[in-house]
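Asker: Handing over my_file32.pdb, PDB, C-alpha atoms.
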```
ATOM      1  CA  GLN A   1      14.271  11.163  -1.273
ATOM      2  CA  THR A   2      13.914  14.308  -3.332
ATOM      3  CA  LEU A   3      17.548  14.182  -4.448
ATOM      4  CA  ILE A   4      17.140  10.585  -5.593
ATOM      5  CA  LEU A   5      14.078  11.537  -7.658
ATOM      6  CA  GLU A   6      15.874  14.497  -9.206
ATOM      7  CA  GLU A   7      18.618  12.156 -10.462
ATOM      8  CA  ALA A   8      16.281   9.259 -11.377
ATOM      9  CA  GLY A   9      15.713  10.254 -15.014
ATOM     10  CA  GLN A  10      18.972   8.809 -16.308
ATOM     11  CA  VAL A  11      18.515   5.529 -14.382
ATOM     12  CA  ILE A  12      14.938   5.183 -15.672
ATOM     13  CA  GLU A  13      16.025   5.634 -19.296
ATOM     14  CA  GLU A  14      19.048   3.309 -19.050
ATOM     15  CA  ASN A  15      17.171   0.462 -17.344
ATOM     16  CA  ASN A  16      13.703   0.905 -18.898
ATOM     17  CA  VAL A  17      12.091   1.283 -15.460
ATOM     18  CA  LYS A  18       8.279   1.055 -15.486
ATOM     19  CA  LEU A  19       7.524   1.234 -11.745
ATOM     20  CA  ILE A  20       8.753   3.642  -9.075
ATOM     21  CA  VAL A  21       7.901   2.905  -5.446
ATOM     22  CA  ALA A  22       8.402   5.528  -2.744
ATOM     23  CA  ASP A  23       7.953   3.524   0.459
ATOM     24  CA  SER A  24       6.780   5.576   3.435
ATOM     25  CA  ALA A  25       6.927   8.766   1.404
ATOM     26  CA  VAL A  26       5.938  11.059   4.273
ATOM     27  CA  GLY A  27       7.978   9.268   6.966
ATOM     28  CA  LEU A  28      11.285  11.037   6.329
ATOM     29  CA  PHE A  29       9.594  14.441   6.199
ATOM     30  CA  ARG A  30       7.910  13.758   9.551
ATOM     31  CA  SER A  31      11.175  12.813  11.213
ATOM     32  CA  GLU A  32      13.098  15.748   9.732
ATOM     33  CA  TYR A  33      10.501  18.464  10.457
ATOM     34  CA  LEU A  34       9.194  18.025  13.992
ATOM     35  CA  GLY A  35       6.450  20.081  15.633
ATOM     36  CA  ARG A  36       3.885  22.574  14.408
ATOM     37  CA  GLY A  37       6.486  25.302  13.887
ATOM     38  CA  THR A  38       7.973  23.461  10.929
ATOM     39  CA  LEU A  39       4.636  22.315   9.466
ATOM     40  CA  SER A  40       4.678  24.893   6.666
ATOM     41  CA  ASN A  41       8.216  23.996   5.553
ATOM     42  CA  ARG A  42       7.441  20.286   5.758
ATOM     43  CA  GLN A  43       4.306  20.609   3.619
ATOM     44  CA  GLN A  44       6.178  22.676   1.011
ATOM     45  CA  LYS A  45       8.973  20.076   0.758
ATOM     46  CA  LEU A  46       6.410  17.274   0.664
ATOM     47  CA  ASN A  47       4.499  19.093  -2.082
ATOM     48  CA  HIS A  48       7.708  19.402  -4.106
ATOM     49  CA  PHE A  49       8.469  15.687  -3.639
ATOM     50  CA  VAL A  50       4.991  14.449  -4.599
ATOM     51  CA  HIS A  51       4.785  16.710  -7.659
ATOM     52  CA  LEU A  52       8.270  15.613  -8.742
ATOM     53  CA  LEU A  53       7.203  11.976  -8.432
ATOM     54  CA  SER A  54       4.098  12.662 -10.563
ATOM     55  CA  ARG A  55       6.109  14.579 -13.155
ATOM     56  CA  ILE A  56       8.658  11.767 -13.487
ATOM     57  CA  ALA A  57       5.862   9.213 -13.942
ATOM     58  CA  GLU A  58       4.305  11.285 -16.716
ATOM     59  CA  THR A  59       7.599  12.147 -18.417
ATOM     60  CA  TYR A  60       8.960   8.592 -18.550
ATOM     61  CA  ASN A  61       5.593   6.825 -18.925
ATOM     62  CA  CYS A  62       5.903   4.709 -15.800
ATOM     63  CA  ALA A  63       3.747   4.007 -12.757
ATOM     64  CA  ALA A  64       4.555   5.686  -9.435
ATOM     65  CA  ILE A  65       3.375   4.302  -6.103
ATOM     66  CA  ALA A  66       3.860   6.084  -2.794
ATOM     67  CA  THR A  67       3.042   4.300   0.436
ATOM     68  CA  ASN A  68       2.014   6.359   3.414
ATOM     69  CA  GLN A  69       1.548   6.071   7.144
ATOM     70  CA  VAL A  70      -1.693   6.405   9.079
ATOM     71  CA  MET A  71      -2.300   7.654  12.585
ATOM     72  CA  ALA A  72      -5.157   7.253  15.041
ATOM     73  CA  SER A  73      -7.436  10.240  15.451
ATOM     74  CA  PRO A  74      -8.640  10.305  19.084
ATOM     75  CA  ASP A  75     -11.643  12.549  18.346
ATOM     76  CA  VAL A  76     -13.415   9.903  16.201
ATOM     77  CA  PHE A  77     -16.011   7.924  18.153
ATOM     78  CA  PHE A  78     -17.681   6.066  15.253
ATOM     79  CA  GLY A  79     -16.087   4.518  12.187
ATOM     80  CA  ASP A  80     -12.429   4.084  11.398
ATOM     81  CA  PRO A  81     -10.245   6.349  13.586
ATOM     82  CA  THR A  82      -7.185   6.110  11.326
ATOM     83  CA  ARG A  83      -6.226   9.101   9.194
ATOM     84  CA  PRO A  84      -3.465   9.349   6.579
ATOM     85  CA  ILE A  85      -0.376  11.423   7.306
ATOM     86  CA  GLY A  86       0.569  14.216   4.908
ATOM     87  CA  GLY A  87      -2.647  16.189   4.790
ATOM     88  CA  ASN A  88      -4.168  17.702   1.675
ATOM     89  CA  VAL A  89      -0.858  17.849  -0.213
ATOM     90  CA  VAL A  90      -0.743  14.069  -0.562
ATOM     91  CA  ALA A  91      -4.516  13.706  -0.941
ATOM     92  CA  HIS A  92      -4.886  16.206  -3.777
ATOM     93  CA  THR A  93      -1.781  15.160  -5.704
ATOM     94  CA  SER A  94      -2.598  11.442  -5.726
ATOM     95  CA  THR A  95      -4.734  10.152  -8.588
ATOM     96  CA  TYR A  96      -5.764   6.977  -6.794
ATOM     97  CA  ARG A  97      -5.788   6.447  -3.041
ATOM     98  CA  ILE A  98      -6.231   2.912  -1.742
ATOM     99  CA  TYR A  99      -6.420   2.092   1.959
ATOM    100  CA  PHE A 100      -5.126  -1.380   2.903
ATOM    101  CA  LYS A 101      -5.869  -3.085   6.189
ATOM    102  CA  LYS A 102      -5.380  -6.551   7.595
ATOM    103  CA  SER A 103      -8.199  -8.666   9.038
ATOM    104  CA  GLY A 104      -6.823 -11.984  10.240
ATOM    105  CA  LYS A 105      -5.337 -13.787   7.237
ATOM    106  CA  LYS A 106      -7.439 -11.708   4.867
ATOM    107  CA  ARG A 107      -6.557  -8.281   3.527
ATOM    108  CA  ILE A 108      -8.975  -5.493   2.636
ATOM    109  CA  ALA A 109      -8.293  -2.887  -0.041
ATOM    110  CA  ARG A 110     -10.663   0.087  -0.058
ATOM    111  CA  MET A 111     -10.704   2.584  -2.916
ATOM    112  CA  VAL A 112     -10.778   5.936  -1.122
ATOM    113  CA  ASP A 113     -10.314   8.314  -4.035
ATOM    114  CA  SER A 114     -10.371   7.720  -7.777
ATOM    115  CA  PRO A 115     -11.378   9.800 -10.788
ATOM    116  CA  HIS A 116     -13.069   6.809 -12.475
ATOM    117  CA  HIS A 117     -14.033   4.251  -9.809
ATOM    118  CA  PRO A 118     -16.563   4.299  -6.952
ATOM    119  CA  GLU A 119     -15.532   3.833  -3.340
ATOM    120  CA  GLU A 120     -15.511   0.075  -2.862
ATOM    121  CA  GLU A 121     -13.851  -2.625  -0.766
ATOM    122  CA  VAL A 122     -12.221  -5.802  -2.060
ATOM    123  CA  ILE A 123     -11.149  -8.717   0.119
ATOM    124  CA  PHE A 124      -8.080 -10.721  -0.893
ATOM    125  CA  ALA A 125      -5.389 -12.919   0.623
ATOM    126  CA  LEU A 126      -1.688 -13.451   0.079
ATOM    127  CA  GLY A 127      -0.343 -16.891  -0.698
ATOM    128  CA  GLU A 128       2.572 -18.640  -2.348
ATOM    129  CA  ALA A 129       1.200 -17.664  -5.778
ATOM    130  CA  GLY A 130       0.888 -13.994  -4.779
ATOM    131  CA  VAL A 131      -2.501 -12.281  -4.482
ATOM    132  CA  ILE A 132      -5.258 -14.924  -4.246
ATOM    133  CA  ASP A 133      -8.981 -15.172  -3.591
ATOM    134  CA  PRO A 134      -9.514 -15.720   0.177
ATOM    135  CA  GLU A 135     -12.157 -18.404  -0.499
ATOM    136  CA  ASP A 136      -9.630 -20.405  -2.534
ATOM    137  CA  ALA A 137      -7.143 -20.105   0.329
ATOM    138  CA  GLU A 138      -9.722 -21.503   2.792
ATOM    139  CA  LYS A 139     -10.575 -24.413   0.466
ATOM    140  CA  LYS A 140      -6.904 -25.343   0.095
ATOM    141  CA  THR A 141      -6.432 -25.203   3.885
ATOM    142  CA  LYS A 142      -9.427 -27.520   4.412
ATOM    143  CA  LYS A 143      -8.220 -29.990   1.725
ATOM    144  CA  THR A 144      -4.766 -30.096   3.299
ATOM    145  CA  ALA A 145      -6.295 -30.708   6.729
ATOM    146  CA  LYS A 146      -8.467 -33.578   5.350
ATOM    147  CA  LYS A 147      -5.470 -35.229   3.662
ATOM    148  CA  THR A 148      -3.517 -35.047   6.909
ATOM    149  CA  THR A 149      -6.307 -36.679   8.949
ATOM    150  CA  LYS A 150      -6.790 -39.439   6.328
ATOM    151  CA  LYS A 151      -3.097 -40.295   6.424
ATOM    152  CA  ALA A 152      -3.199 -40.461  10.217
ATOM    153  CA  LYS A 153      -6.215 -42.870  10.208
ATOM    154  CA  GLU A 154      -4.725 -45.416   7.765
ATOM    155  CA  PRO A 155      -3.258 -48.390   9.685
ATOM    156  CA  GLU A 156       0.291 -49.297   8.950
ATOM    157  CA  ALA A 157       1.017 -52.687   7.409
ATOM    158  CA  GLU A 158       3.049 -55.018   9.586
ATOM    159  CA  THR A 159       6.259 -56.413   8.203
ATOM    160  CA  THR A 160       7.572 -59.791   9.302
TER
END
```
Translate the structure of the given file into structure tokens.

Answerer:
Amino acid sequence: QTLILEEAGQVIEENNVKLIVADSAVGLFRSEYLGRGTLSNRQQKLNHFVHLLSRIAETYNCAAIATNQVMASPDVFFGDPTRPIGGNVVAHTSTYRIYFKKSGKKRIARMVDSPHHPEEEVIFALGEAGVIDPEDAEKKTKKTAKKTTKKAKEPEAETT
């Protein structure tokens, strides 16, 4: 991952890239550096990667998104037991941190950390058009169900 970012400048300029996505940014570091004995090395490499990603975004005027993993914290009895992987390195380097979770067909996005916005939750859904209002999705489902039942109730004309 780090090597790709180090060479990304030329590709960004040639193709006018405006969005960089590092999917599961911490995942490769977790698999490469196992155990507490390598924690220091892992955090240093992760720090280098996250700062490089931020620097590239600033240098080339593009957005950078890094997705992360969460893990369950067994010592939490009340509230949400999930905690992000990566520790303070990821938390302090990120400008915005948004926690996504799924609740049935609805999705919840919670602003965890932002320099300009309060902590708040927003409920949305995903549909054919992309991100949609969950109430609109329910209305469309009900309309489709009504149309289906009306078609089933209409008697068929007999042909002779």

Asker: From the set A:Gln69, A:Asn88, A:Thr95, A:Gln1, which residue has the shortest atom-to-atom contact distance to A:Asp113, counting all atoms listed in the file?

Answerer: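 Of the candidates, the smallest distance to A:Asp113 is held by A:Thr95.
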
Asker: Do you know which residues the PyMOL selection byres ((chain A and resi 61) around 12) returns on this file, as a VMD selection string?

Answerer: chain A and resid 9 12 to 13 16 to 20 53 to 60 62 to 64

Asker: Using all atoms listed in the file, what residues lie at most 6 Å away from (-6.4, 5.8, 14.7) (file coordinates), given as a CSV table (one decimal) with C-alpha atoms, keeping the file's coordinate frame?

Answerer:
```
chain,number,residue,atom,x,y,z
A,71,MET,CA,-2.3,7.7,12.6
A,72,ALA,CA,-5.2,7.3,15.0
A,73,SER,CA,-7.4,10.2,15.5
A,81,PRO,CA,-10.2,6.3,13.6
A,82,THR,CA,-7.2,6.1,11.3
```

Asker: Quick check, in Å to one decimal: how far apart do atom CA of A:Arg83 and atom CA of A:Tyr99 lie?

Answerer: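 Rounded to one decimal, the two atoms are 10.1 Å apart.
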
Asker: Could you pull the residues within 12 Å of A:Lys101, counting only C-alpha atoms, minus those fewer than 4 positions along the same chain, as a list in words?

Answerer: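 Listing them by chain and then by number gives Gln69, Val70, Asp80, Thr82, Lys105, Lys106, Arg107, Ile108, Ala109, Arg110, Met111, Glu121, Val122, Ile123, Phe124 and Ala125 of chain A.
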
Asker: Kindly give the distance, in Å, that separates atom CA of A:Pro115 and atom CA of A:Ser94, rounded to a single decimal.

Answerer: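 Distance reported for this atom pair: 10.3 Å.
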
Asker: May I have the centre and edge lengths, in Å to one decimal, of an axis-aligned box around the listed atoms of stretch 56-72 of chain A with 8 Å added to every side, as JSON?

Answerer:
```
{"center_x": 1.9, "center_y": 8.1, "center_z": -1.9, "size_x": 30.1, "size_y": 24.1, "size_z": 50.0}
```

Asker: For atom CA of A:Asp23 and atom CA of A:Glu120, determine how far apart the two atoms are, in Å to one decimal place.

Answerer: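 A separation of 23.9 Å between them.
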
Asker: Between A:Ala129, A:Leu46, A:Val21, A:Val112, which one has atoms that come closest to A:Val89, using all atoms listed in the file?

Answerer: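 Checking each candidate against A:Val89, we get A:Leu46 as the closest.
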
Asker: With distances taken over all atoms listed in the file, which residue among A:Pro84, A:Pro74, A:Asn15, A:Leu3 lies nearest A:Phe49?

Answerer: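 Using all atoms listed in the file, the shortest distance to A:Phe49 belongs to A:Leu3.
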
Asker: Rank nothing, just name the residue among A:Ser103, A:Val90, A:Gly79, A:Leu52 nearest to A:Ala8, using all atoms listed in the file.

Answerer: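 Going through A:Ser103, A:Val90, A:Gly79, A:Leu52 one by one, the smallest distance to A:Ala8 is for A:Leu52.
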
Asker: In terms of the shortest atom-to-atom distance over all atoms listed in the file, which of A:Lys102, A:Val131, A:Asn47, A:Arg97 is closest to A:His117?

Answerer: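 Looking only at the distances to A:His117, the closest residue turns out to be A:Arg97.
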
Asker: For A:His48, which residue out of A:Gln10, A:Ser24, A:Thr2, A:Asp133 is the nearest one, using all atoms listed in the file?

Answerer: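 Smallest separation from A:His48 among the options: A:Thr2.
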